Amino acid sequence: MAYVHRIEVRYKNDPRLTVRTNRIRSLGFPIEELHVIDIYTVYTTSCDFSPEELREIGIQLANPVVQTFTVDKATVAFFDSAIEVGFLPGVTDNVGTTARQTIEDYIKRKFEPGEAVYSSQLFFVTGKLSPDALQNLATTLANPLIHRVHIKSRAEYGTKGMDVVIPLVDLHELPAAELVSLDLDDPDLIRIGKEGIVDSETDQRRGPLALDLAQLHAIRDYFATKGRKPTDIEIESLAQTWSEHCKHTIFASPLDDDMPKGLYKTCIQAATNRIRQERGEKDICLSVFSDNSGGIIFDDQYLVTHKVETHNSPSALDPFGGALTGIVGVNRDTIGFGLGAKPCINIYGFCVGDPEKSPALFRGKDKSNPILSPRRILDGVVSGVGVGGNCSGIPTPQGFVWFDDRYVGKPLVFAGTVGIMPRTDGSRNLHEKQAQPGDHIVMVGGRVGKDGIHGATFSSEALDPGSPVTAVQIGDPITQKKVSDVIVKEARDLGLYHSITDNGAGGISCSVAEMAKECNGCHVFLDKVPLKYPGMAPWEIWISESQERMTLAVPPEKLDEFMSLLRRREVEATVIGEFTNSGRCVVEFNGAVVMDIELSFLHDGLPVKHLRTAPPALVPITPVPSCPDSLDETVKEMLSRKNISSKEFISLQYDHTVQGGHVLGPVQGTGRVQGMATLTKVVPGSKKGVGLSQGIFPSYSEIDSYRMAVACIDTAIRGLIALGIPLEAIAILDNFCWCSSDDPGRLSQLKHAAIGCYDGATGFETPFISGKDSMFNDFSGYDEQNNRVKVSVPPTLLVSSIGIHPDVTKAVSLDAKVEGDLVYLIGETREECGGSEYFAHLGCSGGTVPDIDIAAMKARYKRLSNAILHDLVASAFPVTHGGLAIALAKVAIAGRIGMDVTISGDMRPDYSLFSETLGRFIVTIAPDKKRSFELAMGYDAFLIGRVIGKSLLITGNGFRVAVPVNELETAYKKPFGGY
Amino acid sequence: MTQAVFSSSAKVSGDELIPDKALIMSGYGINSEMETKEVLLRSGMDADIVHINDLIDRKFRMTDYRLLVFPGGFSYGDDTGAGNAYANRVRNNLWNDLTEFLEEDNLVLGICNGFQILANLGLVPAFDKQYKRDIALMPNRKGVLECRYVTIKPAFETLWTKGIERIVCPVSHGEGNFSCSPEVLKRLKSQKMVAFTYCREDLRPADGEYPFNPNGSTADIAGITSADGKVLAMMPHPERAMEFVNQYDWTLQKEILKRKQLPVPSESINMRLFRNIVDYFR
């Protein structure tokens, strides 16, 4: 027997009504009002609720001061159409879960398996919309991949209201493993690799394995020597472990004749090894590349970790869910570092198309399956990272947005997390861990569903019409917060486990097999894994990427204490097997062994591929128009470029103050300008702080990817130097987001960028401590005329930096402070406008990309951070995108005060203002510090003027710029004013 | 199990710890418990961070403490209304302990999510000791979370606001839009229960104007006390700006002080609020 009750909750006076209505109107829907009703559908089978109980449940789910509710009765209201948006079966429903817990707590009884509360939202639209417009409105309120939509007119709604829908999961799969024959012709094998194993129940392909022919031959040969056929779960498991996403084959494979060890070992790891060796006792690294995050020394007591991930493919399909999953996923890379670090700062980065354009591109033919508009993607990813950090109590001060139309098909979503942990607990180093044979394998956190199946292999493939919708997941930050709290604030310090890692790509198939390396074996009982709903096949349970899960190695003598603690914190924990030293990964399901592979083959059986590069296509050089007559206007237009202007609307919706460590935040100065770097205290009693910054120059890549990489490193470092962080306290991270990486030209650009990384890191002596790559950021689809279209992202490298500030009370912000202060330009300007924001403004391509003399910069940076730490500096700001004029304008806007400066040289005026020469800073100082500052800085510091008046005045050889600061501020804040 | 990840920095302020202790609630997505403990320690009061389930399981007793704090956070992800689900968990499991605690000469503080929980529990305004929902914290007018520094000032002098001219600290919430009926508002004012209002930097009223009043709160209300004055509930986060360097404009203030050859403080002005609490127990 099924009992269903529908509770509808609405505001008497909804405070968000105006903002919501205006937003929908701004998207082109001529509505009068848009109201929202919260719906809870309570579904039970074991017993029903009395009317009194239902009324009390309604009171607990609503706030009677400002809301009303109905039980099993349609809300009465004036409207023209009603749109209900609920989740599809199996999609994570956080609100429904909370409502269920509230009801359970009240009735003092747990829901039975299968019973649930489902949340949905009912929108009442007033205003006449055509049926087509109404459909379109519904698609802006819902995402067809995860939502169901039901539309009714007022007449259809009548007095009965909307229909009751129970989104039950109903699976009819064979809950057993199947044998798969690989004794096939090569074309058939290729098809298995591309499209998946044929499901014997449905005769349909199960989705991409992303295994190539050589890999499938290796698998076939391995099982031939064992004298048996592989099972589906064995093939799926190998596909996960060998995926580009997990094994980074492009960075690991031999490249050309000069890099037999591949890019990663030759350029990234070698740079860090060399720096560590040369530093000797002054090495700041504790754990690099081997763990979920990289770890460096904070002080004698603490270490800090950092890791930056990408979540691109899922964010293209479901921007909110993709970005949310990205940020809570990288939080787990912190919790899974060593024995568990506490997440203390989040960072973000979004590369998207111009949000004011709506390109007509489709994943399918005949205008089917359109891509989401850049605006929708931007709104979704901004919100996803925000909800993830805000709900988890992790501040999100640092980040960036970069706009380029080549990101329309595949946006890039970067998410990073810094963690803090004590270096020892008295008896062991907390950054070290080792599972022991005999330890229980314990899965902690959320349950397993079909979410994210084929996520790891999916992100290794270019997005095409057949992309599976199961690749979309929605995170549940509160479940994860409970997991995080009980681990890093309690269980770790009680010494209850030997090892821990996060369940990310590939789910437990990757996490358990990875930990099994520590003790050389594992034995898993898949039927013990708690499921969201019955009926999943063993291969699905094994590779599912359901979120909020960690895997731990718990020794038998600690198991009771561990399980009891987690029970009291209402965090689900299940023993799913045992670590062994058998040298094998053995998986059982309902008493039958469904997988038995040697760990050596699983991890190292991947056939070696030798990659070759070829020169990339050359960028055409276009003629540059002559210098504009009114540079005043040009400065303002440059400030209004989306890549330069204020994106404060993001910082405002991201909690950047929780945990109480705010020192220099995302916006600075009375005029509120976004800085290049932020500074946060992570240990309350300490003088020290963590500085974070980044460098990204996708517009340089096609011209010179080597210089692009060096520019990223220089800029990431320079942001921290400007806060007063010494060079030797800085470490960096790399995130390569490339395109078409099987193309020899793209590979060549990748190789040069990686060499740039080596030269930059070793030149500055800033070690890489962690990195990640995503190699196929290409969109393949159709335009309106059914022509095939491929849109590839520009080769993109994000270099993130982390530095330890020795005394945050000495840090400086970017804003000009006091009238009469002196303004210095540190470093000379050269004519380097190739790939610059100015050339993009002019519509020019080609030109010279900035180059630098790293040894000279190193000396300069040491002098500047030293001057700041000696209280000689009032403000400092690096010159980056947009060049000198933009940096001066931002310093003036932030201080809401004018500057009068003169620049020397006979360069073309616009070039001298907007060239992006690296290594430069704008610094202001108190006049009485002139002598000591110039002494400290040496020949690098050019006194160019003073802080004065209410306008920015720039005089040069034959030109003069004069713009009131308030006009600069308007130009800087205009583009995203309405977001 | 109490949580002690970071060592105490009580020594920073040099204050002696008083014998009475504070109980700081945690669990289910509350997230500001550590900085709340830190600020109390610096003001001279030790605190235990206790998971709500350990109170329900009787591993800790509310009545062993003099100050009960519901800190900031995102309990239950704000689902079903911010603070609502956590308030339900308290009401359905700890109500007797709580009313017993309120009978004694004790104090209760709720910040941000804590305010939302106290409002749903009816601990504020609690006219005539009637614990029912009389006020609400609705979604912000802008419909999204807003994180920025605000200036607030006391509307009346209470035990909490003694000697305070202003507090400058962050707000960070999606649902802080104070709402109540005209009758309730009248009572709040006549019984001097408005603790703090949002204002401009020069202390003139915000008059509902964004961003000074960041969320659309009725009468610029940022915090209220209970009718008996023993419960303070506020949306802004003074515990997130305990140090001089936590203040938004500290780099500018530091330059101005240096030019005047005046000393640069290490603490923020917001510490006064917490010292007032500890003074109450001295």
# chains A, B, ... in the order shown; residues from 1 in each chain; ligands from 1

call {"tool": "residues_around", "arguments": {"residues": "segment 12-18 of chain A", "least_positions_apart": "3", "cutoff": "9 Å", "atoms": "only C-alpha atoms", "output": "VMD selection string"}}
result
(chain A and resid 21 to 23 33 to 36 65 to 68) or (chain B and resid 138 to 143 177 216)

call {"tool": "write_last_selection", "arguments": {"atoms": "all heavy atoms", "output": "short mmCIF file (atom, residue, chain, number, x, y, z; two decimals), in the first residue's frame"}}
result
data_model
loop_
_atom_site.label_atom_id
_atom_site.label_comp_id
_atom_site.auth_asym_id
_atom_site.auth_seq_id
_atom_site.Cartn_x
_atom_site.Cartn_y
_atom_site.Cartn_z
N THR A 21 11.28 38.17 -10.76
CA THR A 21 10.48 38.57 -11.91
C THR A 21 11.33 39.38 -12.89
O THR A 21 11.31 39.13 -14.10
CB THR A 21 9.27 39.40 -11.43
OG1 THR A 21 8.52 38.62 -10.51
CG2 THR A 21 8.39 39.80 -12.61
N ASN A 22 12.11 40.33 -12.37
CA ASN A 22 12.93 41.17 -13.25
C ASN A 22 13.95 40.34 -14.01
O ASN A 22 14.24 40.61 -15.16
CB ASN A 22 13.65 42.26 -12.44
CG ASN A 22 12.67 43.31 -11.97
OD1 ASN A 22 11.55 43.38 -12.47
ND2 ASN A 22 13.08 44.10 -11.00
N ARG A 23 14.51 39.36 -13.33
CA ARG A 23 15.51 38.52 -13.98
C ARG A 23 14.90 37.77 -15.17
O ARG A 23 15.48 37.72 -16.25
CB ARG A 23 16.06 37.52 -12.96
CG ARG A 23 17.25 36.78 -13.48
CD ARG A 23 17.85 35.81 -12.49
NE ARG A 23 18.21 34.61 -13.22
CZ ARG A 23 19.08 34.58 -14.22
NH1 ARG A 23 19.71 35.67 -14.58
NH2 ARG A 23 19.33 33.47 -14.88
N GLU A 33 4.44 38.54 -13.14
CA GLU A 33 5.02 38.08 -11.87
C GLU A 33 5.35 36.59 -11.96
O GLU A 33 4.70 35.86 -12.71
CB GLU A 33 4.04 38.31 -10.71
CG GLU A 33 4.03 39.74 -10.23
CD GLU A 33 3.15 39.94 -9.00
OE1 GLU A 33 2.32 39.06 -8.69
OE2 GLU A 33 3.30 40.99 -8.36
N LEU A 34 6.33 36.18 -11.18
CA LEU A 34 6.67 34.76 -11.11
C LEU A 34 6.78 34.37 -9.63
O LEU A 34 7.69 34.80 -8.93
CB LEU A 34 7.99 34.47 -11.83
CG LEU A 34 8.40 33.00 -11.88
CD1 LEU A 34 7.42 32.20 -12.74
CD2 LEU A 34 9.81 32.85 -12.42
N HIS A 35 5.82 33.60 -9.17
CA HIS A 35 5.80 33.16 -7.77
C HIS A 35 6.34 31.74 -7.67
O HIS A 35 6.23 30.97 -8.62
CB HIS A 35 4.36 33.19 -7.22
CG HIS A 35 3.83 34.57 -7.07
ND1 HIS A 35 3.92 35.26 -5.89
CD2 HIS A 35 3.23 35.40 -7.96
CE1 HIS A 35 3.39 36.47 -6.05
NE2 HIS A 35 2.96 36.58 -7.29
N VAL A 36 6.88 31.41 -6.51
CA VAL A 36 7.38 30.04 -6.29
C VAL A 36 6.71 29.43 -5.07
O VAL A 36 6.59 30.08 -4.02
CB VAL A 36 8.90 30.02 -6.03
CG1 VAL A 36 9.39 28.58 -5.94
CG2 VAL A 36 9.65 30.73 -7.13
N VAL A 65 5.13 32.59 10.53
CA VAL A 65 5.19 34.05 10.60
C VAL A 65 5.07 34.67 9.21
O VAL A 65 4.42 35.69 9.02
CB VAL A 65 6.50 34.53 11.27
CG1 VAL A 65 6.53 36.05 11.40
CG2 VAL A 65 6.69 33.87 12.61
N VAL A 66 5.71 34.03 8.24
CA VAL A 66 5.75 34.62 6.90
C VAL A 66 5.23 33.69 5.81
O VAL A 66 5.18 34.08 4.65
CB VAL A 66 7.18 35.06 6.54
CG1 VAL A 66 7.57 36.31 7.32
CG2 VAL A 66 8.19 33.94 6.78
N GLN A 67 4.90 32.43 6.18
CA GLN A 67 4.47 31.48 5.16
C GLN A 67 3.13 30.86 5.52
O GLN A 67 2.73 30.85 6.68
CB GLN A 67 5.51 30.35 5.01
CG GLN A 67 6.84 30.82 4.42
CD GLN A 67 7.88 29.71 4.42
OE1 GLN A 67 8.00 28.96 5.38
NE2 GLN A 67 8.63 29.61 3.34
N THR A 68 2.45 30.31 4.50
CA THR A 68 1.27 29.48 4.75
C THR A 68 1.51 28.15 4.06
O THR A 68 2.37 28.05 3.18
CB THR A 68 0.00 30.11 4.15
OG1 THR A 68 0.22 30.32 2.76
CG2 THR A 68 -0.31 31.44 4.82
N MET B 138 13.65 36.17 6.54
CA MET B 138 13.28 35.73 5.19
C MET B 138 14.49 35.79 4.26
O MET B 138 15.52 36.35 4.61
CB MET B 138 12.17 36.65 4.66
CG MET B 138 10.89 36.57 5.44
SD MET B 138 9.52 37.17 4.46
CE MET B 138 9.92 38.90 4.31
N PRO B 139 14.35 35.23 3.06
CA PRO B 139 15.45 35.35 2.09
C PRO B 139 15.77 36.83 1.84
O PRO B 139 14.88 37.68 1.85
CB PRO B 139 14.87 34.70 0.83
CG PRO B 139 13.85 33.75 1.34
CD PRO B 139 13.26 34.38 2.57
N ASN B 140 17.05 37.10 1.60
CA ASN B 140 17.48 38.46 1.27
C ASN B 140 16.69 38.97 0.07
O ASN B 140 16.33 38.19 -0.82
CB ASN B 140 18.96 38.48 0.90
CG ASN B 140 19.84 38.08 2.05
OD1 ASN B 140 19.39 37.99 3.18
ND2 ASN B 140 21.11 37.87 1.76
N ARG B 141 16.51 40.29 0.04
CA ARG B 141 15.78 40.87 -1.08
C ARG B 141 16.42 40.52 -2.41
O ARG B 141 15.75 40.34 -3.41
CB ARG B 141 15.74 42.39 -0.89
CG ARG B 141 14.44 43.01 -1.27
CD ARG B 141 14.31 44.44 -0.79
NE ARG B 141 15.58 45.02 -0.39
CZ ARG B 141 15.69 46.21 0.19
NH1 ARG B 141 14.61 46.92 0.45
NH2 ARG B 141 16.86 46.71 0.53
N LYS B 142 17.77 40.45 -2.44
CA LYS B 142 18.45 40.14 -3.71
C LYS B 142 18.37 38.67 -4.09
O LYS B 142 18.78 38.28 -5.17
CB LYS B 142 19.93 40.56 -3.64
CG LYS B 142 20.14 42.04 -3.97
CD LYS B 142 21.59 42.44 -3.84
CE LYS B 142 22.45 41.95 -4.99
NZ LYS B 142 23.88 42.32 -4.80
N GLY B 143 17.88 37.84 -3.17
CA GLY B 143 17.65 36.44 -3.52
C GLY B 143 18.88 35.55 -3.47
O GLY B 143 18.79 34.36 -3.74
N ASN B 177 16.70 38.62 6.22
CA ASN B 177 15.76 39.71 5.99
C ASN B 177 14.72 39.69 7.11
O ASN B 177 13.72 38.97 7.05
CB ASN B 177 15.13 39.45 4.61
CG ASN B 177 14.21 40.54 4.17
OD1 ASN B 177 13.86 41.44 4.93
ND2 ASN B 177 13.80 40.46 2.91
N GLY B 216 17.37 43.93 3.32
CA GLY B 216 15.98 44.39 3.29
C GLY B 216 15.27 44.31 4.62
O GLY B 216 14.04 44.43 4.69
#

call {"tool": "residues_around", "arguments": {"residues": "Gln749 of chain A", "least_positions_apart": "3", "cutoff": "12 Å", "atoms": "only C-alpha atoms", "output": "MDAnalysis selection string"}}
result
chainID A and resid 263 612:618 700:709 736 738:746 752:756 794:797

call {"tool": "interface_residues", "arguments": {"of": "chain B", "to": "chain A", "cutoff": "6 Å", "atoms": "only C-alpha atoms", "output": "NGL selection string"}}
result
:B and (9 or 29 or 31 or 35 or 74 or 77 or 79-80 or 141 or 143 or 145-147 or 172 or 240 or 245-246)

call {"tool": "write_last_selection", "arguments": {"atoms": "N, CA and C atoms", "output": "PDB file, in the first residue's frame"}}
result
ATOM      1  N   SER B   9      44.308  30.576  22.101  1.00  0.00           N
ATOM      2  CA  SER B   9      45.180  31.740  22.122  1.00  0.00           C
ATOM      3  C   SER B   9      44.690  32.721  23.181  1.00  0.00           C
ATOM      4  N   GLY B  29      26.146  20.810   9.862  1.00  0.00           N
ATOM      5  CA  GLY B  29      26.429  21.921   8.955  1.00  0.00           C
ATOM      6  C   GLY B  29      26.654  23.256   9.652  1.00  0.00           C
ATOM      7  N   ASN B  31      29.050  25.795  11.169  1.00  0.00           N
ATOM      8  CA  ASN B  31      30.445  25.859  10.747  1.00  0.00           C
ATOM      9  C   ASN B  31      31.302  26.927  11.411  1.00  0.00           C
ATOM     10  N   GLU B  35      35.876  29.584  15.420  1.00  0.00           N
ATOM     11  CA  GLU B  35      36.188  31.001  15.642  1.00  0.00           C
ATOM     12  C   GLU B  35      35.373  31.562  16.800  1.00  0.00           C
ATOM     13  N   PHE B  74      25.490  26.632   8.162  1.00  0.00           N
ATOM     14  CA  PHE B  74      24.472  26.317   7.161  1.00  0.00           C
ATOM     15  C   PHE B  74      23.807  25.021   7.570  1.00  0.00           C
ATOM     16  N   GLY B  77      21.928  22.743   5.327  1.00  0.00           N
ATOM     17  CA  GLY B  77      21.978  23.425   4.035  1.00  0.00           C
ATOM     18  C   GLY B  77      20.895  24.476   3.825  1.00  0.00           C
ATOM     19  N   ASP B  79      17.928  24.020   4.003  1.00  0.00           N
ATOM     20  CA  ASP B  79      16.753  23.376   3.415  1.00  0.00           C
ATOM     21  C   ASP B  79      15.562  23.520   4.361  1.00  0.00           C
ATOM     22  N   THR B  80      14.402  23.714   3.819  1.00  0.00           N
ATOM     23  CA  THR B  80      13.119  23.952   4.509  1.00  0.00           C
ATOM     24  C   THR B  80      13.150  25.248   5.310  1.00  0.00           C
ATOM     25  N   ARG B 141      16.507  40.287   0.037  1.00  0.00           N
ATOM     26  CA  ARG B 141      15.781  40.871  -1.077  1.00  0.00           C
ATOM     27  C   ARG B 141      16.423  40.523  -2.414  1.00  0.00           C
ATOM     28  N   GLY B 143      17.884  37.841  -3.171  1.00  0.00           N
ATOM     29  CA  GLY B 143      17.655  36.439  -3.516  1.00  0.00           C
ATOM     30  C   GLY B 143      18.877  35.551  -3.467  1.00  0.00           C
ATOM     31  N   LEU B 145      22.962  34.773  -1.401  1.00  0.00           N
ATOM     32  CA  LEU B 145      23.775  35.056  -0.230  1.00  0.00           C
ATOM     33  C   LEU B 145      24.546  36.358  -0.456  1.00  0.00           C
ATOM     34  N   GLU B 146      24.698  37.131   0.599  1.00  0.00           N
ATOM     35  CA  GLU B 146      25.438  38.389   0.512  1.00  0.00           C
ATOM     36  C   GLU B 146      26.532  38.352   1.576  1.00  0.00           C
ATOM     37  N   CYS B 147      27.789  38.490   1.132  1.00  0.00           N
ATOM     38  CA  CYS B 147      28.913  38.524   2.066  1.00  0.00           C
ATOM     39  C   CYS B 147      29.613  39.861   1.907  1.00  0.00           C
ATOM     40  N   SER B 172      27.050  37.441   6.229  1.00  0.00           N
ATOM     41  CA  SER B 172      27.211  36.415   5.208  1.00  0.00           C
ATOM     42  C   SER B 172      26.050  35.452   5.341  1.00  0.00           C
ATOM     43  N   ARG B 240      33.998  37.072  13.399  1.00  0.00           N
ATOM     44  CA  ARG B 240      34.859  36.935  12.229  1.00  0.00           C
ATOM     45  C   ARG B 240      35.770  38.152  12.047  1.00  0.00           C
ATOM     46  N   VAL B 245      43.490  43.267  11.780  1.00  0.00           N
ATOM     47  CA  VAL B 245      43.692  42.902  10.372  1.00  0.00           C
ATOM     48  C   VAL B 245      42.485  42.198   9.757  1.00  0.00           C
ATOM     49  N   ASN B 246      41.454  41.901  10.578  1.00  0.00           N
ATOM     50  CA  ASN B 246      40.233  41.315  10.017  1.00  0.00           C
ATOM     51  C   ASN B 246      39.269  42.397   9.531  1.00  0.00           C
TER      52      ASN B 246
END

call {"tool": "residues_around", "arguments": {"residues": "segment 185-191 of chain B", "least_positions_apart": "4", "cutoff": "8 Å", "atoms": "only C-alpha atoms", "output": "PyMOL selection string"}}
result
chain B and resi 125+180-181+224+227

call {"tool": "write_last_selection", "arguments": {"atoms": "N, CA and C atoms", "output": "JSON list (two decimals), in the first residue's frame"}}
result
[["chain", "number", "residue", "atom", "x", "y", "z"],
["B", 125, "PRO", "N", 11.45, 36.61, 19.97],
["B", 125, "PRO", "CA", 11.52, 37.59, 21.07],
["B", 125, "PRO", "C", 11.06, 37.04, 22.43],
["B", 180, "CYS", "N", 8.56, 40.98, 10.72],
["B", 180, "CYS", "CA", 7.59, 40.70, 11.78],
["B", 180, "CYS", "C", 6.37, 41.59, 11.55],
["B", 181, "SER", "N", 5.32, 41.34, 12.31],
["B", 181, "SER", "CA", 4.11, 42.15, 12.18],
["B", 181, "SER", "C", 4.34, 43.52, 12.80],
["B", 224, "ILE", "N", 18.25, 41.31, 17.77],
["B", 224, "ILE", "CA", 17.31, 41.62, 18.85],
["B", 224, "ILE", "C", 17.66, 40.78, 20.08],
["B", 227, "ALA", "N", 12.75, 39.19, 25.47],
["B", 227, "ALA", "CA", 12.08, 40.16, 26.33],
["B", 227, "ALA", "C", 12.80, 40.30, 27.67]]

call {"tool": "closest_residue", "arguments": {"among": "A:Val793, A:Ile59, A:Ile543, A:Val442", "to": "Val408 of chain A", "atoms": "only C-alpha atoms"}}
result
A:Val793

call {"tool": "residues_around", "arguments": {"residues": "Asp629 of chain A", "least_positions_apart": "4", "cutoff": "12 Å", "atoms": "only C-alpha atoms", "output": "list in words"}}
result
Pro625, Glu633, Thr634, Val635, Pro909, Asp910, Gly958, Phe959, Arg960 and Val961 of chain A

call {"tool": "write_last_selection", "arguments": {"atoms": "N, CA and C atoms", "output": "short mmCIF file (atom, residue, chain, number, x, y, z; two decimals), in the first residue's frame"}}
result
data_model
loop_
_atom_site.label_atom_id
_atom_site.label_comp_id
_atom_site.auth_asym_id
_atom_site.auth_seq_id
_atom_site.Cartn_x
_atom_site.Cartn_y
_atom_site.Cartn_z
N PRO A 625 45.56 49.06 -36.42
CA PRO A 625 45.17 50.43 -36.74
C PRO A 625 46.04 51.44 -36.00
N GLU A 633 38.99 57.86 -23.87
CA GLU A 633 37.91 56.93 -24.16
C GLU A 633 38.44 55.50 -24.17
N THR A 634 39.63 55.33 -24.75
CA THR A 634 40.18 53.97 -24.85
C THR A 634 40.42 53.38 -23.45
N VAL A 635 40.92 54.21 -22.54
CA VAL A 635 41.14 53.70 -21.17
C VAL A 635 39.83 53.22 -20.57
N PRO A 909 52.01 55.71 -28.05
CA PRO A 909 51.33 56.00 -26.79
C PRO A 909 50.42 54.85 -26.32
N ASP A 910 49.58 54.35 -27.25
CA ASP A 910 48.66 53.29 -26.79
C ASP A 910 49.43 52.04 -26.35
N GLY A 958 54.09 63.20 -26.07
CA GLY A 958 53.11 63.64 -27.05
C GLY A 958 51.68 63.22 -26.78
N PHE A 959 51.38 62.77 -25.58
CA PHE A 959 49.97 62.46 -25.27
C PHE A 959 49.68 62.73 -23.81
N ARG A 960 48.37 62.83 -23.51
CA ARG A 960 47.95 63.05 -22.14
C ARG A 960 46.59 62.39 -21.93
N VAL A 961 46.49 61.60 -20.88
CA VAL A 961 45.21 60.99 -20.50
C VAL A 961 44.73 61.70 -19.25
#

call {"tool": "decode", "arguments": {"residues": "segment 248-263 of chain B", "atoms": "C-alpha atoms", "output": "JSON list (two decimals), in the first residue's frame"}}
result
[["chain", "number", "residue", "atom", "x", "y", "z"],
["B", 248, "TYR", "CA", 37.90, 45.59, 5.83],
["B", 249, "ASP", "CA", 39.85, 48.87, 5.69],
["B", 250, "TRP", "CA", 42.69, 48.01, 8.08],
["B", 251, "THR", "CA", 45.46, 48.71, 5.55],
["B", 252, "LEU", "CA", 44.15, 52.27, 5.10],
["B", 253, "GLN", "CA", 43.65, 52.81, 8.83],
["B", 254, "LYS", "CA", 47.16, 51.51, 9.47],
["B", 255, "GLU", "CA", 48.67, 54.04, 7.03],
["B", 256, "ILE", "CA", 46.71, 56.89, 8.62],
["B", 257, "LEU", "CA", 47.80, 55.87, 12.13],
["B", 258, "LYS", "CA", 51.41, 55.45, 11.05],
["B", 259, "ARG", "CA", 51.52, 58.90, 9.46],
["B", 260, "LYS", "CA", 50.21, 60.34, 12.75],
["B", 261, "GLN", "CA", 52.79, 58.22, 14.58],
["B", 262, "LEU", "CA", 50.00, 56.57, 16.54],
["B", 263, "PRO", "CA", 50.17, 52.93, 17.61]]
